[in-house]
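This is input-v2.tsv. It holds TSV, C-alpha atoms.
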```tsv
chain	number	residue	atom	x	y	z
T	13	GLN	CA	-74.62	-48.82	-3.99
T	14	GLN	CA	-70.87	-48.87	-4.36
T	15	GLN	CA	-71.12	-46.40	-7.23
T	16	GLN	CA	-73.23	-44.06	-5.12
T	17	VAL	CA	-70.64	-44.15	-2.32
T	18	GLN	CA	-67.84	-43.40	-4.81
T	19	GLN	CA	-69.84	-40.51	-6.30
T	20	GLN	CA	-70.46	-39.08	-2.83
T	21	GLN	CA	-66.76	-39.33	-1.99
T	22	GLN	CA	-65.80	-37.61	-5.24
T	23	ALA	CA	-68.31	-34.83	-4.58
T	24	GLN	CA	-66.93	-34.34	-1.07
T	25	GLN	CA	-63.36	-34.26	-2.39
T	26	GLN	CA	-64.34	-31.64	-4.95
T	27	GLN	CA	-66.00	-29.60	-2.21
T	28	VAL	CA	-62.85	-29.77	-0.07
T	29	ALA	CA	-60.70	-28.75	-3.05
T	30	GLN	CA	-62.96	-25.75	-3.74
T	31	GLN	CA	-62.84	-24.68	-0.09
T	32	GLN	CA	-59.05	-24.96	-0.10
T	33	GLN	CA	-58.92	-22.67	-3.15
T	34	GLN	CA	-61.26	-20.21	-1.46
T	35	ALA	CA	-59.17	-20.34	1.72
T	36	GLN	CA	-56.03	-19.51	-0.23
T	37	GLN	CA	-57.60	-16.53	-2.01
T	38	PRO	CA	-58.27	-14.41	1.13
T	39	GLN	CA	-54.77	-15.20	2.38
T	40	GLN	CA	-53.28	-13.98	-0.90
T	41	VAL	CA	-55.35	-10.79	-0.75
T	42	GLN	CA	-54.34	-10.13	2.84
T	43	GLN	CA	-50.65	-10.48	2.08
T	44	THR	CA	-50.65	-7.93	-0.75
T	45	ALA	CA	-51.37	-4.93	1.44
T	46	ALA	CA	-49.84	-4.17	4.80
T	47	GLY	CA	-49.09	-7.86	5.31
T	48	GLY	CA	-52.72	-8.62	6.12
T	49	SER	CA	-52.78	-5.98	8.83
T	50	GLY	CA	-55.11	-3.07	9.21
T	51	LEU	CA	-54.38	0.64	9.02
T	52	ALA	CA	-54.29	3.48	11.51
T	53	VAL	CA	-55.01	7.04	10.37
T	54	THR	CA	-53.75	9.97	12.42
T	55	GLY	CA	-53.37	13.71	11.99
T	56	CYS	CA	-55.33	15.84	9.49
T	57	GLN	CA	-55.44	19.63	9.88
T	58	ASN	CA	-59.04	19.87	8.61
T	59	ALA	CA	-61.13	19.35	11.76
T	60	THR	CA	-64.24	18.08	9.93
T	61	VAL	CA	-62.38	15.61	7.72
T	62	GLY	CA	-60.08	14.60	10.59
T	63	ASN	CA	-63.05	13.53	12.72
T	64	ILE	CA	-64.24	11.37	9.83
T	65	VAL	CA	-61.00	9.69	8.75
T	66	ARG	CA	-58.98	9.30	11.97
T	67	GLY	CA	-59.20	5.79	13.36
T	68	THR	CA	-58.44	2.13	12.77
T	69	TYR	CA	-59.21	0.31	9.51
T	70	THR	CA	-59.40	-3.38	8.64
T	71	PRO	CA	-59.31	-5.16	5.26
T	72	TYR	CA	-62.87	-5.15	3.91
T	73	SER	CA	-62.98	-6.07	0.22
T	74	GLU	CA	-61.05	-5.54	-3.01
T	75	ASN	CA	-61.24	-3.00	-5.84
T	76	HIS	CA	-59.01	-2.68	-8.92
T	77	SER	CA	-56.61	-5.36	-7.59
T	78	ARG	CA	-56.06	-3.59	-4.27
T	79	ILE	CA	-57.49	-4.12	-0.79
T	80	VAL	CA	-60.30	-1.83	0.33
T	81	TYR	CA	-60.07	-0.92	4.02
T	82	ARG	CA	-63.04	0.03	6.19
T	83	ARG	CA	-62.90	2.04	9.39
T	84	THR	CA	-63.89	-0.05	12.40
T	85	GLU	CA	-66.47	2.58	13.41
T	86	GLN	CA	-68.99	4.34	11.20
T	87	VAL	CA	-69.24	8.15	11.19
T	88	ASN	CA	-72.71	9.70	10.88
T	89	ASN	CA	-74.04	6.26	9.86
T	90	LEU	CA	-71.57	6.12	6.95
T	91	ASP	CA	-68.78	3.65	6.28
T	92	VAL	CA	-65.37	5.24	5.90
T	93	LEU	CA	-63.36	3.40	3.23
T	94	VAL	CA	-59.83	3.66	1.88
T	95	TYR	CA	-59.77	2.33	-1.68
T	96	TYR	CA	-57.72	2.40	-4.86
T	97	TRP	CA	-59.06	3.56	-8.23
T	98	ASP	CA	-57.06	2.74	-11.38
T	99	ASP	CA	-56.70	4.95	-14.45
T	100	ARG	CA	-59.78	3.64	-16.32
T	101	ASP	CA	-61.42	7.08	-15.86
T	102	GLY	CA	-58.22	8.99	-16.64
T	103	PRO	CA	-55.00	9.69	-14.76
T	104	ASN	CA	-56.58	12.43	-12.61
T	105	PHE	CA	-58.77	9.83	-10.88
T	106	CYS	CA	-56.05	7.23	-10.38
T	107	GLY	CA	-54.82	6.71	-6.82
T	108	TRP	CA	-56.00	6.12	-3.26
T	109	TRP	CA	-59.19	7.70	-1.93
T	110	PHE	CA	-61.06	8.11	1.36
T	111	GLY	CA	-64.84	8.04	0.91
T	112	PRO	CA	-68.05	6.39	2.10
T	113	LYS	CA	-68.44	4.32	-1.09
T	114	VAL	CA	-65.93	2.83	-3.55
T	115	GLY	CA	-65.93	5.01	-6.67
T	116	GLY	CA	-68.49	7.41	-5.20
T	117	ASP	CA	-68.72	11.16	-5.78
T	118	GLN	CA	-68.20	12.04	-2.12
T	119	VAL	CA	-64.55	11.86	-1.05
T	120	TRP	CA	-62.56	13.25	1.86
T	121	ALA	CA	-58.92	12.75	0.87
T	122	TYR	CA	-56.84	11.68	-2.13
T	123	ASN	CA	-53.32	10.46	-2.89
T	124	SER	CA	-52.14	9.92	-6.48
T	125	ASP	CA	-49.68	7.18	-5.47
T	126	ARG	CA	-50.20	3.91	-7.41
T	127	ALA	CA	-48.68	1.65	-4.74
T	128	MET	CA	-50.24	-1.70	-3.81
T	129	SER	CA	-51.18	-0.37	-0.36
T	130	PRO	CA	-52.20	3.08	0.83
T	131	PRO	CA	-49.24	5.48	1.08
T	132	THR	CA	-48.15	6.79	4.47
T	133	THR	CA	-47.99	10.47	3.52
T	134	GLY	CA	-48.81	12.81	0.65
T	135	TRP	CA	-52.59	12.95	1.22
T	136	ARG	CA	-54.58	15.90	-0.12
T	137	VAL	CA	-57.43	17.23	2.06
T	138	PRO	CA	-59.74	18.08	0.38
T	139	TYR	CA	-58.99	15.85	-2.60
T	140	ASP	CA	-58.10	18.85	-4.82
T	141	GLY	CA	-56.39	20.82	-2.05
T	142	PRO	CA	-52.82	20.95	-0.80
T	143	VAL	CA	-50.97	18.02	0.75
T	144	ASP	CA	-51.66	17.80	4.49
T	145	THR	CA	-48.29	16.94	6.03
T	146	THR	CA	-49.93	15.90	9.33
T	147	PHE	CA	-52.17	13.28	7.67
T	148	VAL	CA	-50.52	9.86	8.21
T	149	VAL	CA	-51.69	6.37	7.24
T	150	SER	CA	-49.70	3.64	8.99
T	151	VAL	CA	-49.80	-0.14	9.30
T	152	HIS	CA	-51.78	-1.25	12.33
T	153	ASN	CA	-50.56	-4.69	13.43
T	154	GLY	CA	-53.68	-6.43	14.60
T	155	ALA	CA	-55.03	-9.92	14.05
T	156	ALA	CA	-57.52	-8.49	11.56
T	157	GLY	CA	-58.31	-10.72	8.65
T	158	GLN	CA	-56.86	-13.90	10.11
T	159	GLN	CA	-60.08	-15.38	11.44
T	160	PRO	CA	-61.76	-16.19	8.10
T	161	ALA	CA	-58.81	-18.31	6.93
T	162	GLN	CA	-58.73	-20.16	10.26
T	163	HIS	CA	-62.49	-20.72	10.07
T	164	VAL	CA	-62.24	-22.21	6.58
T	165	ALA	CA	-59.36	-24.46	7.69
T	166	THR	CA	-61.52	-25.75	10.57
T	167	GLN	CA	-64.38	-26.45	8.15
T	168	GLN	CA	-62.00	-28.35	5.88
T	169	GLN	CA	-60.80	-30.51	8.77
T	170	GLN	CA	-64.39	-31.29	9.73
T	171	LEU	CA	-65.25	-32.28	6.16
T	172	GLN	CA	-62.22	-34.53	5.91
T	173	GLN	CA	-63.16	-36.23	9.19
T	174	GLN	CA	-66.69	-36.82	7.89
T	175	MET	CA	-65.28	-38.38	4.72
T	176	GLN	CA	-63.21	-40.83	6.76
T	177	MET	CA	-66.22	-42.07	8.72
```
Let me see whether you can do it: turn the structure in this file into structure tokens.
Amino acid sequence: QQQQVQQQQQAQQQQVAQQQQQAQQPQQVQQTAAGGSGLAVTGCQNATVGNIVRGTYTPYSENHSRIVYRRTEQVNNLDVLVYYWDDRDGPNFCGWWFGPKVGGDQVWAYNSDRAMSPPTTGWRVPYDGPVDTTFVVSVHNGAAGQQPAQHVATQQQQLQQQMQM
């Protein structure tokens, strides 16, 4: 019986260690772009594209070692994403994109900057058109992205309390 108790404790400790690693990963991702904050998109001279891209974005996932941001509201039942694509398909595809799907054929805007987070200015609308000087992507300081880390920390505390019982 004593061996079973020790095995259970070891399994619980391993589970806590794994959760701590998982908790650290989202925090690292959040800190690489806009300090874990979301984005706000304003401007855009093209009325159609402007209605699609203007709004608030929160960290959503990751692609090519950069955060993917998703607009908080869908447009025409489509997600609006800001994502980075590296040069694996050639230098003409490398940069930041606005589109409904990461790596998809449909895109609304493009910026060739290779920065870790979406650039503020220099966006082309359409993607092969001229730079739209009114199109601005800025850091939106919200509490976005902080909840998951707090939730995991709470779960870890609960597990540790259970282990002590």
Separation of atom CA of Tyr122 of chain T from atom CA of Asn153 of chain T, in Å and rounded to one decimal:
23.4 Å
Atomic distance atom CA of His152 of chain T - atom CA of Pro103 of chain T, expressed in Å with one decimal
29.4 Å
Which is closest to Val114 of chain T among T:Arg100, T:Arg82, T:Arg126, T:Arg136, if we use only C-alpha atoms?
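Using only C-alpha atoms, Val114 of chain T sits closest to T:Arg82.
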Quick one: everything within 12 Å of Ala127 of chain T, counting only C-alpha atoms, minus sequence neighbours fewer than 5 positions away in the same chain. Send it as an MDAnalysis selection string.
chainID T and resid 44:46 76:79 95:98 106:108 132
Within 12 Å of (-70.6, 4.8, 10.4), in the coordinates the file gives, what residues turn up when you count all atoms listed in the file, written out as a list in words?
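I get Asn63, Ile64, Val65, Gly67, Arg82, Arg83, Thr84, Glu85, Gln86, Val87, Asn88, Asn89, Leu90, Asp91, Val92, Leu93, Gly111, Pro112 and Lys113 of chain T for the residues within 12 Å of that point.
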Ref. answer, residues at most 6 Å from (-59.6, 13.7, 2.6) with only C-alpha atoms, as a count of residues only:
7
Tell me, in Å to one decimal, how far atom CA of Tyr81 of chain T is from atom CA of Leu51 of chain T.
7.7 Å
All residues 10 Å or closer to Pro131 of chain T, all atoms listed in the file, same chain fewer than 2 positions away omitted, as a list in words:
Gly107, Trp108, Asn123, Ser124, Asp125, Arg126, Ala127, Met128, Ser129, Thr133, Gly134, Trp135, Val148, Val149, Ser150 and Val151 of chain T
Counting all atoms listed in the file, the option among T:Gln18, T:Gln25, T:Thr146, T:Tyr69 closest to Gly55 of chain T:
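Among T:Gln18, T:Gln25, T:Thr146, T:Tyr69, it is T:Thr146 that comes nearest to Gly55 of chain T.
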Got a minute to add N, CA and C atoms to segment 95-114 of chain T and dump it as an mmCIF file, keeping the file's coordinate frame?
```cif
data_model
loop_
_atom_site.group_PDB
_atom_site.id
_atom_site.type_symbol
_atom_site.label_atom_id
_atom_site.label_comp_id
_atom_site.auth_asym_id
_atom_site.auth_seq_id
_atom_site.Cartn_x
_atom_site.Cartn_y
_atom_site.Cartn_z
ATOM 1 N N TYR T 95 -59.748 3.214 -0.511
ATOM 2 C CA TYR T 95 -59.770 2.330 -1.680
ATOM 3 C C TYR T 95 -58.909 2.902 -2.800
ATOM 4 N N TYR T 96 -58.523 2.019 -3.700
ATOM 5 C CA TYR T 96 -57.720 2.400 -4.860
ATOM 6 C C TYR T 96 -58.600 2.449 -6.102
ATOM 7 N N TRP T 97 -58.366 3.457 -6.941
ATOM 8 C CA TRP T 97 -59.060 3.560 -8.230
ATOM 9 C C TRP T 97 -57.995 3.634 -9.310
ATOM 10 N N ASP T 98 -58.083 2.753 -10.325
ATOM 11 C CA ASP T 98 -57.060 2.740 -11.380
ATOM 12 C C ASP T 98 -57.346 3.853 -12.396
ATOM 13 N N ASP T 99 -56.604 3.844 -13.500
ATOM 14 C CA ASP T 99 -56.700 4.950 -14.450
ATOM 15 C C ASP T 99 -57.777 4.767 -15.530
ATOM 16 N N ARG T 100 -58.734 3.882 -15.309
ATOM 17 C CA ARG T 100 -59.780 3.640 -16.320
ATOM 18 C C ARG T 100 -60.614 4.896 -16.602
ATOM 19 N N ASP T 101 -60.675 5.827 -15.656
ATOM 20 C CA ASP T 101 -61.420 7.080 -15.860
ATOM 21 C C ASP T 101 -60.476 8.259 -16.112
ATOM 22 N N GLY T 102 -59.223 7.946 -16.392
ATOM 23 C CA GLY T 102 -58.220 8.990 -16.640
ATOM 24 C C GLY T 102 -57.240 9.095 -15.495
ATOM 25 N N PRO T 103 -56.054 9.631 -15.773
ATOM 26 C CA PRO T 103 -55.000 9.690 -14.760
ATOM 27 C C PRO T 103 -55.337 10.578 -13.556
ATOM 28 N N ASN T 104 -56.229 11.541 -13.731
ATOM 29 C CA ASN T 104 -56.580 12.430 -12.610
ATOM 30 C C ASN T 104 -57.401 11.727 -11.532
ATOM 31 N N PHE T 105 -57.962 10.567 -11.854
ATOM 32 C CA PHE T 105 -58.770 9.830 -10.880
ATOM 33 C C PHE T 105 -58.013 8.649 -10.288
ATOM 34 N N CYS T 106 -56.828 8.394 -10.792
ATOM 35 C CA CYS T 106 -56.050 7.230 -10.380
ATOM 36 C C CYS T 106 -55.352 7.506 -9.050
ATOM 37 N N GLY T 107 -55.492 6.584 -8.106
ATOM 38 C CA GLY T 107 -54.820 6.710 -6.820
ATOM 39 C C GLY T 107 -55.697 6.189 -5.689
ATOM 40 N N TRP T 108 -55.315 6.560 -4.479
ATOM 41 C CA TRP T 108 -56.000 6.120 -3.260
ATOM 42 C C TRP T 108 -56.951 7.212 -2.774
ATOM 43 N N TRP T 109 -58.125 6.782 -2.329
ATOM 44 C CA TRP T 109 -59.190 7.700 -1.930
ATOM 45 C C TRP T 109 -59.765 7.313 -0.568
ATOM 46 N N PHE T 110 -60.230 8.315 0.173
ATOM 47 C CA PHE T 110 -61.060 8.110 1.360
ATOM 48 C C PHE T 110 -62.461 8.552 0.982
ATOM 49 N N GLY T 111 -63.447 7.690 1.195
ATOM 50 C CA GLY T 111 -64.840 8.040 0.910
ATOM 51 C C GLY T 111 -65.777 7.019 1.516
ATOM 52 N N PRO T 112 -67.079 7.314 1.510
ATOM 53 C CA PRO T 112 -68.050 6.390 2.100
ATOM 54 C C PRO T 112 -68.422 5.238 1.178
ATOM 55 N N LYS T 113 -68.041 5.331 -0.108
ATOM 56 C CA LYS T 113 -68.440 4.320 -1.090
ATOM 57 C C LYS T 113 -67.335 4.224 -2.139
ATOM 58 N N VAL T 114 -66.959 3.020 -2.519
ATOM 59 C CA VAL T 114 -65.930 2.830 -3.550
ATOM 60 C C VAL T 114 -66.404 3.454 -4.860
#
```
